[in-house]
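Asker: I am attaching a structure below and will ask some questions about it afterwards.
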Amino acid sequence: MIRLTNAEIDYQPITEQVRRKDCGAVVLFLGTVREMTEGRRTAALDYEAYAGMAEKKLAEIEEETRARWPIGDIALIHRLGRLELGEVSVAVAVSCPHRAQAFEAGRYAIDRLKEVVPIWKKENWADGSTAWVHPGTERIKQEE
């Protein structure tokens, strides 16, 4: 399952969705809004995406991951909109027959997602400044 959403990510149903009787391992990764980034206090994050392309890239990541590991099921969900500290911005859940496979597949999927999916993050700092971050790059524009 792949999905972009403006709603809160409820990870328990996502975890249950990927569980299968033929898989002995389920790995769940949650990316959350952290308070400190590079020594600066974060107030909130805003996420925007080119939805059509982002969904296409998420589907490609799912396909790539399935081709490399014996995936039972996989879920890739990314939140859009404004997120406050502690909120879940991304969830990746993977089931595989064995734990090493599930960990490897989950790590691959989140790393690829961060690298290639056109989702942009606006970091809103506590001092009132902001910075946009593009997938796979450093901050691209700072605003005062």
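Residues in the structure tokens are named by chain (A, B, ... in the order shown) and by number from 1 within that chain; ligands are numbered from 1 in the order shown.
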For region 12-40 of chain A versus region 52-73 of chain A, which residues have an atom no more than 12 Å away, and what is each residue's nearest atom pair and distance in Å rounded to one decimal, using only C-alpha atoms, chain-then-number order, as CSV?

Answerer:
residue,atom,partner,partner_atom,distance
A:Ile14,CA,A:Asp73,CA,10.5
A:Thr15,CA,A:Asp73,CA,10.0
A:Glu16,CA,A:Asp73,CA,10.4
A:Gln17,CA,A:Asp73,CA,8.0
A:Val18,CA,A:Asp73,CA,4.9
A:Arg19,CA,A:Asp73,CA,7.3
A:Arg20,CA,A:Gly72,CA,6.6
A:Lys21,CA,A:Gly72,CA,9.1
A:Asp22,CA,A:Gly72,CA,7.4
A:Cys23,CA,A:Gly72,CA,6.3
A:Gly24,CA,A:Gly72,CA,9.7
A:Ala25,CA,A:Gly72,CA,9.5
A:Val26,CA,A:Asp73,CA,9.2
A:Val27,CA,A:Asp73,CA,10.8
A:Leu28,CA,A:Asp73,CA,11.9

Asker: Could you pull out the helix (DSSP H, G or I) residues of region 7-142 of chain A, going by DSSP on the backbone, and write them as an NGL selection string?

Answerer: :A and (11-18 or 51-68 or 99-116)

Asker: Rank nothing, just name the residue among A:Glu84, A:Glu8, A:Asp111, A:Glu48 nearest to Phe29 (chain A), using only C-alpha atoms.

Answerer: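 Closest candidate: A:Asp111.
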
Asker: When you count only C-alpha atoms, which of these residues is closest to Asn124 (chain A): A:Arg107, A:Arg34, A:Arg112, A:His98?

Answerer: A:Arg34

Asker: Which neighbours of Glu38 (chain A) fall inside 12 Å, counting only C-alpha atoms, when residues of the same chain fewer than 3 positions from it are skipped, and could you give them as a list in words?

Answerer: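 My reading of the contact set: Arg34, Glu35, Arg41, Thr42, Glu123, Trp125 and Arg139 of chain A.
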
Asker: Keeping only N, CA and C atoms, write those residues as a short mmCIF file (atom, residue, chain, number, x, y, z; two decimals), in the first residue's frame.

Answerer:
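Output (again21.cif):
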data_model
loop_
_atom_site.label_atom_id
_atom_site.label_comp_id
_atom_site.auth_asym_id
_atom_site.auth_seq_id
_atom_site.Cartn_x
_atom_site.Cartn_y
_atom_site.Cartn_z
N ARG A 34 11.11 16.08 14.97
CA ARG A 34 11.98 16.23 16.14
C ARG A 34 12.13 17.70 16.53
N GLU A 35 12.48 17.90 17.76
CA GLU A 35 12.58 19.26 18.29
C GLU A 35 13.84 19.99 17.83
N ARG A 41 16.17 24.87 17.15
CA ARG A 41 14.88 24.40 17.67
C ARG A 41 13.82 24.51 16.58
N THR A 42 13.14 23.40 16.34
CA THR A 42 12.08 23.33 15.34
C THR A 42 10.75 23.71 15.99
N GLU A 123 11.10 23.56 6.97
CA GLU A 123 11.45 23.59 8.38
C GLU A 123 11.11 24.97 8.92
N TRP A 125 11.53 27.22 12.03
CA TRP A 125 12.36 27.30 13.22
C TRP A 125 11.68 28.16 14.29
N ARG A 139 19.40 21.88 2.41
CA ARG A 139 18.43 22.97 2.38
C ARG A 139 18.62 23.79 1.12
#

Asker: I need the residues in chain A that are strand (DSSP E) according to DSSP; give them as a ChimeraX atom specification.

Answerer: /A:2-5,25-32,36-37,40-49,73-79,81-84,88-96,119-125,130-133,139-143

Asker: Print the selection's residues with C-alpha atoms to a file, as a PDB file, in the first residue's frame.

Answerer:
ATOM      1  CA  ILE A   2       1.210   3.467  -0.840  1.00  0.00           C
ATOM      2  CA  ARG A   3      -0.485   6.639   0.291  1.00  0.00           C
ATOM      3  CA  LEU A   4      -0.064  10.368   0.723  1.00  0.00           C
ATOM      4  CA  THR A   5      -2.335  11.778   3.391  1.00  0.00           C
ATOM      5  CA  ALA A  25       8.926 -10.575  10.940  1.00  0.00           C
ATOM      6  CA  VAL A  26       7.290  -7.179  10.725  1.00  0.00           C
ATOM      7  CA  VAL A  27       9.389  -4.033  10.829  1.00  0.00           C
ATOM      8  CA  LEU A  28       7.830  -0.603  11.308  1.00  0.00           C
ATOM      9  CA  PHE A  29       9.724   2.646  10.792  1.00  0.00           C
ATOM     10  CA  LEU A  30       8.172   5.928  11.918  1.00  0.00           C
ATOM     11  CA  GLY A  31       9.675   9.274  11.050  1.00  0.00           C
ATOM     12  CA  THR A  32       8.604  11.939  13.538  1.00  0.00           C
ATOM     13  CA  MET A  36      16.231  19.929  17.415  1.00  0.00           C
ATOM     14  CA  THR A  37      17.895  19.848  13.984  1.00  0.00           C
ATOM     15  CA  ARG A  40      18.260  24.702  15.968  1.00  0.00           C
ATOM     16  CA  ARG A  41      14.884  24.397  17.666  1.00  0.00           C
ATOM     17  CA  THR A  42      12.075  23.334  15.343  1.00  0.00           C
ATOM     18  CA  ALA A  43       8.603  24.846  15.761  1.00  0.00           C
ATOM     19  CA  ALA A  44       6.822  22.773  13.084  1.00  0.00           C
ATOM     20  CA  LEU A  45       7.266  21.225   9.635  1.00  0.00           C
ATOM     21  CA  ASP A  46       5.218  21.714   6.478  1.00  0.00           C
ATOM     22  CA  TYR A  47       5.232  18.996   3.813  1.00  0.00           C
ATOM     23  CA  GLU A  48       4.190  19.489   0.191  1.00  0.00           C
ATOM     24  CA  ALA A  49       4.310  17.046  -2.700  1.00  0.00           C
ATOM     25  CA  ASP A  73       3.423  -7.012   2.329  1.00  0.00           C
ATOM     26  CA  ILE A  74       4.642  -3.428   2.466  1.00  0.00           C
ATOM     27  CA  ALA A  75       3.141  -0.044   3.304  1.00  0.00           C
ATOM     28  CA  LEU A  76       4.641   3.363   2.483  1.00  0.00           C
ATOM     29  CA  ILE A  77       2.670   6.331   3.860  1.00  0.00           C
ATOM     30  CA  HIS A  78       3.758   9.975   3.961  1.00  0.00           C
ATOM     31  CA  ARG A  79       1.928  12.817   5.623  1.00  0.00           C
ATOM     32  CA  GLY A  81       0.528  19.552   5.493  1.00  0.00           C
ATOM     33  CA  ARG A  82       1.605  21.124   8.774  1.00  0.00           C
ATOM     34  CA  LEU A  83       3.004  18.823  11.468  1.00  0.00           C
ATOM     35  CA  GLU A  84       3.804  19.706  15.047  1.00  0.00           C
ATOM     36  CA  VAL A  88       4.457  11.054  12.584  1.00  0.00           C
ATOM     37  CA  SER A  89       5.463  12.287   9.128  1.00  0.00           C
ATOM     38  CA  VAL A  90       6.219   8.952   7.453  1.00  0.00           C
ATOM     39  CA  ALA A  91       5.568   5.282   8.101  1.00  0.00           C
ATOM     40  CA  VAL A  92       7.143   2.274   6.413  1.00  0.00           C
ATOM     41  CA  ALA A  93       5.958  -1.193   7.418  1.00  0.00           C
ATOM     42  CA  VAL A  94       7.359  -4.390   5.924  1.00  0.00           C
ATOM     43  CA  SER A  95       6.729  -8.086   6.531  1.00  0.00           C
ATOM     44  CA  CYS A  96       9.138 -10.820   5.469  1.00  0.00           C
ATOM     45  CA  ILE A 119       8.072  15.592  -1.179  1.00  0.00           C
ATOM     46  CA  TRP A 120       9.381  18.894   0.093  1.00  0.00           C
ATOM     47  CA  LYS A 121       9.792  19.807   3.738  1.00  0.00           C
ATOM     48  CA  LYS A 122       9.651  23.340   5.081  1.00  0.00           C
ATOM     49  CA  GLU A 123      11.447  23.592   8.380  1.00  0.00           C
ATOM     50  CA  ASN A 124       9.871  26.250  10.562  1.00  0.00           C
ATOM     51  CA  TRP A 125      12.361  27.301  13.221  1.00  0.00           C
ATOM     52  CA  THR A 130      12.267  28.830   7.601  1.00  0.00           C
ATOM     53  CA  ALA A 131      14.112  26.581   5.145  1.00  0.00           C
ATOM     54  CA  TRP A 132      12.789  24.323   2.358  1.00  0.00           C
ATOM     55  CA  VAL A 133      14.412  20.918   1.900  1.00  0.00           C
ATOM     56  CA  ARG A 139      18.426  22.969   2.379  1.00  0.00           C
ATOM     57  CA  ILE A 140      17.629  24.812  -0.820  1.00  0.00           C
ATOM     58  CA  LYS A 141      16.293  28.149   0.352  1.00  0.00           C
ATOM     59  CA  GLN A 142      16.330  29.991   3.621  1.00  0.00           C
ATOM     60  CA  GLU A 143      13.814  32.688   4.357  1.00  0.00           C
TER      61      GLU A 143
END

Asker: Using CA of Ala51 (chain A) and CA of Gly106 (chain A) as the two end points, give the distance in Å to one decimal.

Answerer: 22.2 Å
